[in-house]
$ cat run_5.cif   # mmCIF, C-alpha atoms
data_query
#
loop_
_atom_site.label_atom_id
_atom_site.label_comp_id
_atom_site.auth_asym_id
_atom_site.auth_seq_id
_atom_site.Cartn_x
_atom_site.Cartn_y
_atom_site.Cartn_z
CA MET Y 1 -21.63 12.70 -23.07
CA THR Y 2 -24.94 13.07 -24.82
CA SER Y 3 -27.28 15.35 -22.91
CA ILE Y 4 -30.93 16.28 -23.23
CA GLY Y 5 -32.02 19.79 -22.41
CA GLY Y 6 -28.39 20.69 -21.70
CA ALA Y 7 -28.22 18.49 -18.58
CA GLU Y 8 -26.05 15.42 -18.06
CA MET Y 9 -26.96 12.55 -15.77
CA VAL Y 10 -23.88 13.37 -13.69
CA ASP Y 11 -22.30 16.79 -13.40
CA TRP Y 12 -18.73 15.53 -13.61
CA ASN Y 13 -17.12 18.94 -13.17
CA LEU Y 14 -19.15 19.46 -10.00
CA ALA Y 15 -18.02 16.04 -8.76
CA VAL Y 16 -14.37 17.04 -9.18
CA ALA Y 17 -14.95 20.45 -7.58
CA THR Y 18 -16.83 18.95 -4.62
CA ALA Y 19 -14.22 16.28 -3.96
CA THR Y 20 -11.37 18.76 -4.28
CA ARG Y 21 -13.05 21.13 -1.85
CA LEU Y 22 -13.87 18.45 0.74
CA VAL Y 23 -10.79 16.26 0.62
CA ARG Y 24 -8.60 16.57 3.69
CA PRO Y 25 -5.18 18.15 3.29
CA GLY Y 26 -2.20 15.83 3.19
CA PRO Y 27 0.65 15.66 5.70
CA GLU Y 28 2.85 18.69 6.10
CA VAL Y 29 6.00 18.47 3.99
CA SER Y 30 8.36 21.10 2.65
CA ARG Y 31 8.69 21.69 -1.06
CA ASP Y 32 12.09 19.97 -1.08
CA GLU Y 33 10.70 16.99 0.83
CA ALA Y 34 7.81 16.70 -1.61
CA ARG Y 35 10.16 16.72 -4.59
CA ALA Y 36 12.33 14.05 -2.95
CA VAL Y 37 9.28 11.81 -2.31
CA VAL Y 38 8.11 12.13 -5.91
CA ALA Y 39 11.58 11.34 -7.28
CA GLU Y 40 11.99 8.33 -5.01
CA LEU Y 41 8.57 6.90 -5.89
CA ARG Y 42 9.42 7.14 -9.58
CA ARG Y 43 12.74 5.35 -8.99
CA HIS Y 44 11.05 2.63 -6.96
CA ALA Y 45 8.34 2.17 -9.58
CA LYS Y 46 11.02 1.66 -12.24
CA ALA Y 47 13.03 -0.74 -10.08
CA SER Y 48 9.88 -2.71 -9.23
CA GLU Y 49 9.41 -3.73 -12.87
CA ALA Y 50 12.40 -6.06 -12.88
CA HIS Y 51 11.68 -7.38 -9.38
CA VAL Y 52 8.05 -8.24 -10.16
CA ARG Y 53 8.61 -9.67 -13.62
CA GLY Y 54 11.52 -11.78 -12.45
CA PHE Y 55 9.51 -13.24 -9.56
CA THR Y 56 6.25 -13.80 -11.49
CA ARG Y 57 7.90 -14.87 -14.78
CA MET Y 58 5.48 -12.56 -16.54
CA GLY Y 59 6.27 -9.78 -18.98
CA PRO Y 60 4.50 -7.76 -21.67
CA GLU Y 61 4.53 -9.14 -25.20
CA GLU Y 62 5.53 -5.70 -26.49
CA ALA Y 63 7.46 -2.79 -25.00
CA ASP Y 64 5.43 -1.34 -22.15
CA ASP Y 65 4.74 2.40 -22.36
CA THR Y 66 2.34 2.57 -19.41
CA PRO Y 67 3.17 5.82 -17.59
CA VAL Y 68 3.75 6.14 -13.86
CA LEU Y 69 2.05 9.24 -12.45
CA VAL Y 70 2.82 10.47 -8.94
CA VAL Y 71 -0.26 12.48 -7.98
CA ASP Y 72 -1.77 14.36 -5.05
CA ARG Y 73 -5.29 13.75 -3.77
CA PRO Y 74 -7.04 16.08 -6.27
CA GLY Y 75 -5.04 14.44 -9.06
CA TRP Y 76 -6.33 11.03 -7.99
CA VAL Y 77 -9.87 12.42 -7.99
CA ARG Y 78 -9.54 13.77 -11.54
CA ALA Y 79 -8.13 10.49 -12.82
CA ASN Y 80 -10.95 8.46 -11.27
CA VAL Y 81 -13.68 10.79 -12.48
CA ALA Y 82 -12.30 10.31 -16.00
CA GLY Y 83 -12.43 6.54 -15.47
CA PHE Y 84 -15.98 6.60 -14.11
CA ARG Y 85 -17.12 8.80 -16.98
CA GLU Y 86 -15.73 6.35 -19.53
CA ILE Y 87 -16.95 3.10 -18.00
CA LEU Y 88 -20.42 4.39 -17.04
CA LYS Y 89 -21.15 6.13 -20.34
CA PRO Y 90 -23.33 3.34 -21.87
CA LEU Y 91 -25.46 3.06 -18.72
CA LEU Y 92 -25.87 6.82 -18.27
CA ASP Y 93 -26.78 7.27 -21.94
CA LYS Y 94 -29.44 4.60 -21.49
CA MET Y 95 -30.83 6.32 -18.41
CA GLN Y 96 -30.65 9.69 -20.13
CA GLU Y 97 -32.74 8.42 -23.02
CA ARG Y 98 -35.34 6.96 -20.66
CA ARG Y 99 -35.61 10.13 -18.61
CA GLY Y 100 -35.61 12.44 -21.61
CA SER Y 101 -38.84 10.87 -22.90
CA SER Y 102 -40.66 11.45 -19.60
CA PRO Y 103 -42.53 14.64 -18.67
CA GLY Y 104 -40.21 17.16 -17.06
CA GLY Y 105 -37.19 15.04 -17.92
CA ALA Y 106 -34.97 17.98 -18.81
CA VAL Y 107 -35.71 19.76 -15.52
CA LEU Y 108 -35.14 16.58 -13.53
CA GLY Y 109 -31.91 16.09 -15.45
CA ALA Y 110 -30.56 19.49 -14.52
CA VAL Y 111 -31.29 18.98 -10.83
CA GLY Y 112 -30.41 15.28 -10.70
CA GLY Y 113 -27.08 15.74 -12.46
CA LYS Y 114 -25.93 18.26 -9.88
CA VAL Y 115 -27.15 16.17 -6.95
CA THR Y 116 -25.36 13.11 -8.31
CA GLY Y 117 -22.24 15.16 -8.95
CA VAL Y 118 -22.17 16.34 -5.34
CA GLU Y 119 -22.78 12.80 -4.03
CA LEU Y 120 -20.01 11.36 -6.20
CA GLY Y 121 -17.68 14.15 -5.11
CA MET Y 122 -18.39 13.38 -1.45
CA LEU Y 123 -17.60 9.71 -2.00
CA LEU Y 124 -14.37 10.47 -3.84
CA SER Y 125 -13.27 12.91 -1.14
CA PHE Y 126 -13.57 10.06 1.37
CA LEU Y 127 -11.59 7.63 -0.78
CA ALA Y 128 -8.96 10.10 -1.98
CA SER Y 129 -7.18 10.18 1.37
CA ARG Y 130 -7.04 6.39 1.67
CA VAL Y 131 -5.75 5.03 -1.65
CA LEU Y 132 -1.97 4.54 -1.79
CA GLY Y 133 -1.74 3.52 -5.42
CA GLN Y 134 -3.87 2.28 -8.28
CA TYR Y 135 -3.48 0.80 -11.74
CA GLU Y 136 -6.04 2.92 -13.58
CA THR Y 137 -7.31 0.69 -16.36
CA PHE Y 138 -10.11 2.30 -18.34
CA ALA Y 139 -9.71 6.08 -18.45
CA PRO Y 140 -8.74 7.66 -21.78
CA ALA Y 141 -5.48 9.55 -22.11
CA THR Y 142 -5.49 13.32 -21.73
CA ARG Y 143 -2.72 15.90 -21.81
CA GLU Y 144 -2.87 16.17 -18.03
CA LEU Y 145 -3.22 12.43 -17.43
CA PRO Y 146 -1.40 10.41 -20.12
CA ALA Y 147 -1.96 6.67 -20.58
CA GLY Y 148 -0.37 3.82 -22.50
CA SER Y 149 -0.89 3.79 -26.26
CA ASN Y 150 -1.86 0.10 -26.50
CA GLY Y 151 -5.28 0.12 -24.87
CA GLY Y 152 -4.68 2.68 -22.16
CA GLY Y 153 -3.67 2.19 -18.57
CA ARG Y 154 -1.58 4.22 -16.14
CA LEU Y 155 -0.11 3.63 -12.72
CA LEU Y 156 -1.05 6.18 -10.07
CA LEU Y 157 0.94 6.63 -6.85
CA VAL Y 158 -0.73 9.00 -4.36
CA ALA Y 159 2.27 10.62 -2.68
CA PRO Y 160 0.57 12.38 0.29
CA ASN Y 161 -1.24 9.19 1.30
CA ILE Y 162 1.95 7.14 1.17
CA VAL Y 163 3.74 9.68 3.35
CA HIS Y 164 0.79 9.81 5.76
CA VAL Y 165 0.69 6.03 6.24
CA GLU Y 166 4.45 5.56 6.59
CA ARG Y 167 4.43 8.19 9.36
CA GLU Y 168 1.36 6.68 11.02
CA LEU Y 169 2.94 3.21 11.04
CA ASP Y 170 6.34 4.58 12.05
CA VAL Y 171 8.19 2.44 9.50
CA ASP Y 172 11.23 3.07 7.33
CA PRO Y 173 9.90 5.45 4.63
CA HIS Y 174 12.24 4.23 1.88
CA ASP Y 175 11.31 0.58 2.48
CA PHE Y 176 7.59 1.40 2.68
CA ARG Y 177 7.61 3.32 -0.60
CA LEU Y 178 9.27 0.43 -2.42
CA TRP Y 179 6.87 -2.04 -0.80
CA VAL Y 180 3.87 -0.06 -2.09
CA CYS Y 181 5.41 0.18 -5.56
CA LEU Y 182 5.89 -3.60 -5.68
CA HIS Y 183 2.15 -4.12 -5.11
CA GLU Y 184 1.07 -1.59 -7.72
CA GLU Y 185 3.67 -2.73 -10.27
CA THR Y 186 2.22 -6.23 -9.99
CA HIS Y 187 -1.12 -4.85 -11.18
CA ARG Y 188 0.57 -3.11 -14.09
CA THR Y 189 2.34 -6.37 -14.98
CA GLN Y 190 -0.94 -8.30 -14.84
CA PHE Y 191 -2.58 -6.05 -17.42
CA THR Y 192 0.42 -5.53 -19.70
CA ALA Y 193 1.41 -9.21 -19.73
CA VAL Y 194 -2.15 -10.47 -20.24
CA PRO Y 195 -3.54 -8.49 -23.21
CA TRP Y 196 -7.07 -9.91 -23.03
CA LEU Y 197 -7.57 -9.10 -19.34
CA ARG Y 198 -8.61 -5.46 -19.76
CA ASP Y 199 -11.24 -6.23 -22.42
CA HIS Y 200 -12.55 -9.16 -20.38
CA LEU Y 201 -13.01 -7.02 -17.28
CA GLU Y 202 -14.62 -4.21 -19.25
CA GLY Y 203 -17.01 -6.69 -20.86
CA GLU Y 204 -18.05 -8.07 -17.48
CA ILE Y 205 -18.57 -4.57 -16.07
CA GLN Y 206 -20.65 -3.53 -19.07
CA SER Y 207 -22.73 -6.70 -18.74
CA PHE Y 208 -23.30 -5.85 -15.08
CA LEU Y 209 -24.34 -2.30 -15.93
CA GLY Y 210 -26.46 -3.50 -18.83
CA GLU Y 211 -28.57 -5.53 -16.41
CA THR Y 212 -29.35 -2.42 -14.39
CA ASP Y 213 -33.06 -1.68 -14.36
CA VAL Y 214 -33.34 2.04 -15.08
CA ASP Y 215 -37.01 2.31 -14.12
CA PRO Y 216 -37.00 4.90 -11.30
CA MET Y 217 -39.74 3.19 -9.25
CA THR Y 218 -37.89 -0.14 -9.34
CA VAL Y 219 -34.65 1.50 -8.27
CA LEU Y 220 -36.41 3.35 -5.44
CA GLU Y 221 -37.98 0.12 -4.23
CA ARG Y 222 -34.58 -1.59 -4.13
CA VAL Y 223 -33.08 1.33 -2.25
CA ARG Y 224 -35.97 1.18 0.25
CA GLU Y 225 -35.36 -2.54 0.82
CA ALA Y 226 -31.64 -1.90 1.16
CA ALA Y 227 -32.25 0.83 3.73
CA GLN Y 228 -34.55 -1.46 5.72
CA ALA Y 229 -31.88 -4.14 5.79
CA LEU Y 230 -29.16 -1.72 6.82
CA VAL Y 231 -31.15 -0.33 9.78
CA GLY Y 232 -32.50 -3.72 10.84
CA GLY Y 233 -36.00 -3.12 9.50
CA ARG Y 234 -36.36 -6.27 7.38
CA PRO Y 235 -39.82 -7.78 7.04
CA GLU Y 236 -40.43 -10.54 9.57
CA GLY Y 237 -39.17 -13.95 8.46
CA GLU Y 238 -36.48 -12.72 6.10
CA GLU Y 239 -32.94 -13.96 6.69
CA ASP Y 240 -30.10 -11.68 7.69
CA ASP Y 241 -28.20 -10.18 4.77
CA ASP Y 242 -24.88 -10.99 6.46
CA GLY Y 243 -23.69 -7.41 6.46
CA ARG Y 244 -23.88 -6.92 2.71
CA SER Y 245 -23.20 -3.45 1.42
CA LEU Y 246 -25.70 -1.09 -0.17
CA VAL Y 247 -24.14 -1.95 -3.54
CA ASP Y 248 -24.84 -5.66 -2.99
CA LEU Y 249 -28.40 -5.16 -1.85
CA VAL Y 250 -29.67 -3.35 -4.94
CA GLN Y 251 -28.54 -5.97 -7.46
CA THR Y 252 -30.70 -8.13 -9.71
CA PRO Y 253 -30.15 -11.92 -9.79
CA ALA Y 254 -28.30 -11.61 -13.12
CA GLN Y 255 -26.06 -8.93 -11.65
CA ARG Y 256 -25.23 -11.14 -8.68
CA GLU Y 257 -24.03 -13.85 -11.04
CA ILE Y 258 -21.82 -11.39 -12.92
CA LEU Y 259 -20.60 -9.92 -9.63
CA GLY Y 260 -19.55 -13.38 -8.50
CA ARG Y 261 -17.25 -13.65 -11.52
CA LEU Y 262 -15.93 -10.12 -11.01
CA THR Y 263 -15.30 -10.80 -7.33
CA ALA Y 264 -13.26 -13.89 -8.22
CA VAL Y 265 -11.14 -11.95 -10.72
CA MET Y 266 -10.55 -9.06 -8.32
CA SER Y 267 -9.65 -11.48 -5.53
CA LEU Y 268 -7.13 -13.09 -7.88
CA LEU Y 269 -5.58 -9.76 -8.90
CA GLU Y 270 -5.38 -8.34 -5.39
CA GLY Y 271 -4.22 -11.58 -3.82
CA HIS Y 272 -1.57 -12.06 -6.49
CA ALA Y 273 -0.26 -8.55 -5.82
CA ASP Y 274 -0.02 -9.24 -2.09
CA PHE Y 275 1.68 -12.58 -2.73
CA VAL Y 276 4.24 -11.01 -5.06
CA MET Y 277 4.83 -8.10 -2.69
CA ASP Y 278 5.64 -10.54 0.12
CA GLY Y 279 7.64 -12.83 -2.15
CA VAL Y 280 9.89 -10.11 -3.51
CA GLY Y 281 9.97 -8.12 -0.28
CA PRO Y 282 12.53 -10.04 1.81
CA ALA Y 283 15.19 -9.68 -0.88
CA VAL Y 284 14.80 -5.95 -1.51
CA VAL Y 285 12.85 -4.48 1.47
CA PRO Y 286 14.86 -5.09 4.68
CA SER Y 287 12.02 -4.22 7.06
CA VAL Y 288 9.25 -6.00 5.13
CA GLY Y 289 8.20 -8.10 8.14
CA GLU Y 290 7.59 -5.07 10.32
CA ILE Y 291 5.81 -3.20 7.52
CA ARG Y 292 3.53 -6.12 6.71
CA GLU Y 293 2.54 -6.69 10.34
CA LYS Y 294 1.77 -3.04 11.04
CA PHE Y 295 -0.06 -2.58 7.76
CA GLN Y 296 -2.27 -5.63 8.36
CA GLN Y 297 -3.16 -4.29 11.79
CA ARG Y 298 -4.08 -0.96 10.24
CA ARG Y 299 -6.27 -2.64 7.62
CA ALA Y 300 -8.08 -4.63 10.27
CA ARG Y 301 -8.90 -1.88 12.74
CA GLY Y 302 -9.89 0.99 10.40
CA ALA Y 303 -9.32 4.63 11.24
CA SER Y 304 -12.48 5.45 13.20
CA ARG Y 305 -16.05 4.39 13.88
CA LEU Y 306 -17.24 6.54 10.96
CA ASP Y 307 -14.58 5.00 8.73
CA LEU Y 308 -15.72 1.51 9.67
CA ALA Y 309 -19.37 2.39 8.99
CA LEU Y 310 -18.59 3.88 5.59
CA ARG Y 311 -16.38 0.94 4.67
CA LYS Y 312 -19.24 -1.44 5.44
CA LEU Y 313 -21.83 0.64 3.60
CA LEU Y 314 -19.67 1.04 0.49
CA GLY Y 315 -18.52 -2.56 0.42
CA LEU Y 316 -14.86 -1.77 1.18
CA ASP Y 317 -14.77 -4.55 3.77
CA ALA Y 318 -15.39 -6.93 0.90
CA LYS Y 319 -12.25 -5.59 -0.78
CA LEU Y 320 -10.24 -6.43 2.33
CA ARG Y 321 -11.56 -9.98 2.14
CA GLN Y 322 -10.46 -10.10 -1.49
CA TYR Y 323 -6.87 -9.46 -0.42
CA ARG Y 324 -6.97 -12.27 2.12
CA ASP Y 325 -8.88 -14.84 0.08
CA GLY Y 326 -6.98 -14.14 -3.11
CA GLU Y 327 -3.59 -14.32 -1.43
CA ARG Y 328 -4.48 -17.68 0.12
CA PHE Y 329 -5.59 -18.97 -3.30
CA VAL Y 330 -2.37 -17.89 -5.02
CA ARG Y 331 -0.15 -19.25 -2.26
CA ALA Y 332 -1.93 -22.61 -2.22
CA VAL Y 333 -1.73 -23.01 -6.01
CA VAL Y 334 1.95 -22.03 -6.19
CA ASP Y 335 2.72 -24.45 -3.37
CA GLN Y 336 0.99 -27.24 -5.28
CA VAL Y 337 2.01 -26.67 -8.92
CA GLY Y 338 4.72 -23.97 -8.83
CA MET Y 339 4.78 -20.51 -10.38
CA ASP Y 340 4.59 -21.75 -13.96
CA GLY Y 341 1.63 -23.93 -13.03
CA PHE Y 342 -0.08 -21.00 -11.38
CA ASN Y 343 0.52 -18.81 -14.45
CA ARG Y 344 -1.88 -20.98 -16.43
CA VAL Y 345 -4.51 -18.81 -14.76
CA TRP Y 346 -3.64 -16.11 -17.33
CA THR Y 347 -4.25 -18.37 -20.38
CA SER Y 348 -7.82 -17.25 -21.11
CA PRO Y 349 -11.02 -16.20 -19.34
CA ASN Y 350 -11.87 -19.91 -19.04
CA THR Y 351 -8.83 -20.52 -16.81
CA LEU Y 352 -9.68 -17.76 -14.36
CA PRO Y 353 -10.83 -19.13 -11.00
CA THR Y 354 -14.49 -19.07 -10.06
CA LYS Y 355 -15.61 -17.58 -6.78
CA ALA Y 356 -15.95 -21.11 -5.37
CA GLU Y 357 -12.45 -22.03 -6.56
CA ILE Y 358 -10.95 -18.99 -4.82
CA ALA Y 359 -12.13 -20.62 -1.59
CA LYS Y 360 -11.01 -24.11 -2.73
CA PRO Y 361 -7.77 -23.77 -4.74
CA ALA Y 362 -7.43 -27.52 -5.19
CA ASP Y 363 -10.61 -27.48 -7.30
CA TRP Y 364 -9.02 -24.96 -9.68
CA VAL Y 365 -5.86 -27.08 -9.93
CA ALA Y 366 -7.95 -30.15 -10.66
CA ARG Y 367 -10.01 -28.40 -13.36
CA VAL Y 368 -7.23 -26.55 -15.18
CA HIS Y 369 -4.32 -28.92 -14.84
CA ARG Y 370 -6.13 -32.21 -15.31
CA LYS Y 371 -7.93 -30.86 -18.36
CA SER Y 372 -4.65 -29.69 -19.90
CA GLU Y 373 -2.92 -32.98 -19.11
CA ALA Y 374 -5.76 -35.17 -20.39
#
$ encode --input "run_5.cif" --output "structure tokens"
Amino acid sequence: MTSIGGAEMVDWNLAVATATRLVRPGPEVSRDEARAVVAELRRHAKASEAHVRGFTRMGPEEADDTPVLVVDRPGWVRANVAGFREILKPLLDKMQERRGSSPGGAVLGAVGGKVTGVELGMLLSFLASRVLGQYETFAPATRELPAGSNGGGRLLLVAPNIVHVERELDVDPHDFRLWVCLHEETHRTQFTAVPWLRDHLEGEIQSFLGETDVDPMTVLERVREAAQALVGGRPEGEEDDDGRSLVDLVQTPAQREILGRLTAVMSLLEGHADFVMDGVGPAVVPSVGEIREKFQQRRARGASRLDLALRKLLGLDAKLRQYRDGERFVRAVVDQVGMDGFNRVWTSPNTLPTKAEIAKPADWVARVHRKSEA
């Protein structure tokens, strides 16, 4: 990344070091047990390909070389830092240029980059013990973290987190590992079977970041307003913000519009993965009913009061709503027009559901299917 005065906007190495130092250790397993878990996750990931593609009737146009990486918590951190560094580069370069032209910009850069690196590391240390798996879309390939040759992408399975949750829920570990792989394989299938999806998402994210006002005083004012809302200190007469996260509260009107489209797409992707996981599950995961019930209860209650507070602040509660709303959308559409009818959603960006259509699936069916049949 371009730097001025030798200082980057974010000290990425410090972010990795901070997260690695702070992240909680995983569950206790012997070396042999760890090797067995890794081997089984790789087998389940491979088996999930046929299950998911057969159920969804989706498949890549070309041979899929997307790697499956079974990682520990620090490995997940490194992969996500690489992804953040890639996707945020245009915004950070823009902010770097603005700050470099101001008095004392180089000094502020040196201090600010380290502060931001520590803050990012703290956030990642919190998330690293909670993510079971992830289709990592944007990060470039490295020797340590390979990716697919046709536009990148890799599937991450976080072994210690999977073991931790299966023990916490007291479910069959072999069934649970396959169940997780079915969800994550659905994400891999979405991106490999729909070639335009990655570029579309990246374009929306860059548009969102491009609307970011990099003037420090403006940003500080938005943070002040956000803090007032979060602690109940809104000016008299203003409406409640309905529990929006800090991320929501600092957006411009243009960003909110883009975020609405991104929210709809993410609800679709997450809901589709849950729908497929439940659809395939009964045939290949004997205890899927028990797993689903216990996992939903775990999602709903959170791990602790601090966990609930952080989830709300960071907007993770919104992600849980995406699972529910998206799954209801997919189920309703498939019930009405079948799997092939639902798969028209992948035709182009114009056939993706809007945020309003996620809540009213019949409106999407009317728009997409009536237009195509006219």
$ resolve_selection --input "run_5.cif" --expression "the PyMOL selection byres ((chain Y and resi 350) around 12)" --output "MDAnalysis selection string"
chainID Y and resid 196:197 200 261 265 344:349 351:354 364 367:368 371
$ closest_residue --input "run_5.cif" --among "Y:Glu185, Y:Ala45, Y:Phe176, Y:Arg35" --to "His164 (chain Y)" --atoms "only C-alpha atoms"
Y:Phe176
$ residues_around --input "run_5.cif" --residues "Glu119 (chain Y)" --least-positions-apart "2" --cutoff "12 Å" --atoms "only C-alpha atoms" --output "ChimeraX atom specification"
/Y:10-12,14-19,22,112-117,121-126
$ write_last_selection --input "run_5.cif" --atoms "C-alpha atoms" --output "PDB file, keeping the file's coordinate frame"
ATOM      1  CA  VAL Y  10     -23.880  13.370 -13.690  1.00  0.00           C
ATOM      2  CA  ASP Y  11     -22.300  16.790 -13.400  1.00  0.00           C
ATOM      3  CA  TRP Y  12     -18.730  15.530 -13.610  1.00  0.00           C
ATOM      4  CA  LEU Y  14     -19.150  19.460 -10.000  1.00  0.00           C
ATOM      5  CA  ALA Y  15     -18.020  16.040  -8.760  1.00  0.00           C
ATOM      6  CA  VAL Y  16     -14.370  17.040  -9.180  1.00  0.00           C
ATOM      7  CA  ALA Y  17     -14.950  20.450  -7.580  1.00  0.00           C
ATOM      8  CA  THR Y  18     -16.830  18.950  -4.620  1.00  0.00           C
ATOM      9  CA  ALA Y  19     -14.220  16.280  -3.960  1.00  0.00           C
ATOM     10  CA  LEU Y  22     -13.870  18.450   0.740  1.00  0.00           C
ATOM     11  CA  GLY Y 112     -30.410  15.280 -10.700  1.00  0.00           C
ATOM     12  CA  GLY Y 113     -27.080  15.740 -12.460  1.00  0.00           C
ATOM     13  CA  LYS Y 114     -25.930  18.260  -9.880  1.00  0.00           C
ATOM     14  CA  VAL Y 115     -27.150  16.170  -6.950  1.00  0.00           C
ATOM     15  CA  THR Y 116     -25.360  13.110  -8.310  1.00  0.00           C
ATOM     16  CA  GLY Y 117     -22.240  15.160  -8.950  1.00  0.00           C
ATOM     17  CA  GLY Y 121     -17.680  14.150  -5.110  1.00  0.00           C
ATOM     18  CA  MET Y 122     -18.390  13.380  -1.450  1.00  0.00           C
ATOM     19  CA  LEU Y 123     -17.600   9.710  -2.000  1.00  0.00           C
ATOM     20  CA  LEU Y 124     -14.370  10.470  -3.840  1.00  0.00           C
ATOM     21  CA  SER Y 125     -13.270  12.910  -1.140  1.00  0.00           C
ATOM     22  CA  PHE Y 126     -13.570  10.060   1.370  1.00  0.00           C
TER      23      PHE Y 126
END
$ atom_distance --input "run_5.cif" --atom1 "CA of Glu166 (chain Y)" --atom2 "CA of Arg21 (chain Y)"
24.9 Å
$ resolve_selection --input "run_5.cif" --expression "the PyMOL selection byres ((chain Y and resi 175) around 8)" --output "list in words"
Val171, Asp172, Pro173, His174, Phe176, Arg177, Leu178, Trp179, Val285, Pro286, Ser287 and Val288 of chain Y
$ resolve_selection --input "run_5.cif" --expression "the PyMOL selection byres ((chain Y and resi 204) around 12)" --output "list in words"
Ile87, Leu197, Arg198, Asp199, His200, Leu201, Glu202, Gly203, Ile205, Gln206, Ser207, Phe208, Leu209, Gly210, Glu211, Ala254, Gln255, Arg256, Glu257, Ile258, Leu259, Gly260, Arg261, Leu262, Thr263, Ala264, Val265, Met266 and Pro349 of chain Y
$ atom_distance --input "run_5.cif" --atom1 "CA of Met277 (chain Y)" --atom2 "CA of Arg78 (chain Y)"
27.6 Å
$ closest_residue --input "run_5.cif" --among "Y:Glu144, Y:Glu327, Y:Glu168, Y:Glu33" --to "Gln297 (chain Y)" --atoms "all atoms listed in the file"
Y:Glu168
$ axis_aligned_box --input "run_5.cif" --around "region 267-281 of chain Y" --padding-each-side "3 Å" --output "lines of an AutoDock Vina configuration file"
center_x = 0.2
center_y = -10.6
center_z = -4.4
size_x = 25.6
size_y = 11.0
size_z = 15.0
$ residues_around --input "run_5.cif" --residues "region 133-139 of chain Y" --least-positions-apart "2" --cutoff "8 Å" --atoms "all atoms listed in the file" --output "list of chain:residue names"
Y:Ala79, Y:Asn80, Y:Ala82, Y:Gly83, Y:Phe84, Y:Glu86, Y:Ile87, Y:Val131, Y:Ala141, Y:Gly152, Y:Gly153, Y:Arg154, Y:Leu155, Y:Leu156, Y:Leu157, Y:Val158, Y:Val180, Y:Cys181, Y:Glu184, Y:His187, Y:Arg188, Y:Arg198, Y:Glu202
$ residues_around --input "run_5.cif" --residues "Asp72 (chain Y)" --least-positions-apart "3" --cutoff "9 Å" --atoms "only C-alpha atoms" --output "PyMOL selection string"
chain Y and resi 26+75-77+128+157-161
$ closest_residue --input "run_5.cif" --among "Y:Glu49, Y:Glu28, Y:Asp170, Y:Glu290" --to "Thr189 (chain Y)" --atoms "all atoms listed in the file"
Y:Glu49
$ atom_distance --input "run_5.cif" --atom1 "CA of Ser129 (chain Y)" --atom2 "CA of Val165 (chain Y)"
10.1 Å
$ residues_near_point --input "run_5.cif" --point "(-2.9, -13.6, -0.5)" --cutoff "12 Å" --atoms "all atoms listed in the file" --output "PyMOL selection string"
chain Y and resi 183+266-279+296+320-334+358-359
$ decode --input "run_5.cif" --residues "region 273-284 of chain Y" --atoms "N, CA and C atoms" --output "mmCIF file, in the first residue's frame"
data_model
loop_
_atom_site.group_PDB
_atom_site.id
_atom_site.type_symbol
_atom_site.label_atom_id
_atom_site.label_comp_id
_atom_site.auth_asym_id
_atom_site.auth_seq_id
_atom_site.Cartn_x
_atom_site.Cartn_y
_atom_site.Cartn_z
ATOM 1 N N ALA Y 273 -28.009 -20.540 1.687
ATOM 2 C CA ALA Y 273 -27.136 -21.543 2.307
ATOM 3 C C ALA Y 273 -27.866 -22.301 3.406
ATOM 4 N N ASP Y 274 -28.641 -21.587 4.224
ATOM 5 C CA ASP Y 274 -29.418 -22.263 5.263
ATOM 6 C C ASP Y 274 -30.475 -23.177 4.661
ATOM 7 N N PHE Y 275 -31.127 -22.720 3.611
ATOM 8 C CA PHE Y 275 -32.161 -23.524 2.951
ATOM 9 C C PHE Y 275 -31.568 -24.804 2.369
ATOM 10 N N VAL Y 276 -30.423 -24.672 1.710
ATOM 11 C CA VAL Y 276 -29.772 -25.847 1.123
ATOM 12 C C VAL Y 276 -29.298 -26.799 2.220
ATOM 13 N N MET Y 277 -28.720 -26.250 3.269
ATOM 14 C CA MET Y 277 -28.230 -27.056 4.378
ATOM 15 C C MET Y 277 -29.368 -27.899 4.963
ATOM 16 N N ASP Y 278 -30.537 -27.295 5.127
ATOM 17 C CA ASP Y 278 -31.679 -28.032 5.665
ATOM 18 C C ASP Y 278 -32.280 -28.978 4.631
ATOM 19 N N GLY Y 279 -32.211 -28.597 3.358
ATOM 20 C CA GLY Y 279 -32.769 -29.451 2.320
ATOM 21 C C GLY Y 279 -31.966 -30.712 2.083
ATOM 22 N N VAL Y 280 -30.648 -30.569 2.102
ATOM 23 C CA VAL Y 280 -29.769 -31.725 1.903
ATOM 24 C C VAL Y 280 -29.662 -32.542 3.183
ATOM 25 N N GLY Y 281 -29.708 -31.856 4.322
ATOM 26 C CA GLY Y 281 -29.420 -32.473 5.608
ATOM 27 C C GLY Y 281 -30.117 -33.785 5.905
ATOM 28 N N PRO Y 282 -31.445 -33.876 5.782
ATOM 29 C CA PRO Y 282 -32.125 -35.116 6.172
ATOM 30 C C PRO Y 282 -31.622 -36.361 5.456
ATOM 31 N N ALA Y 283 -31.118 -36.213 4.243
ATOM 32 C CA ALA Y 283 -30.663 -37.375 3.486
ATOM 33 C C ALA Y 283 -29.260 -37.822 3.875
ATOM 34 N N VAL Y 284 -28.439 -36.908 4.393
ATOM 35 C CA VAL Y 284 -27.029 -37.249 4.621
ATOM 36 C C VAL Y 284 -26.562 -36.983 6.053
#
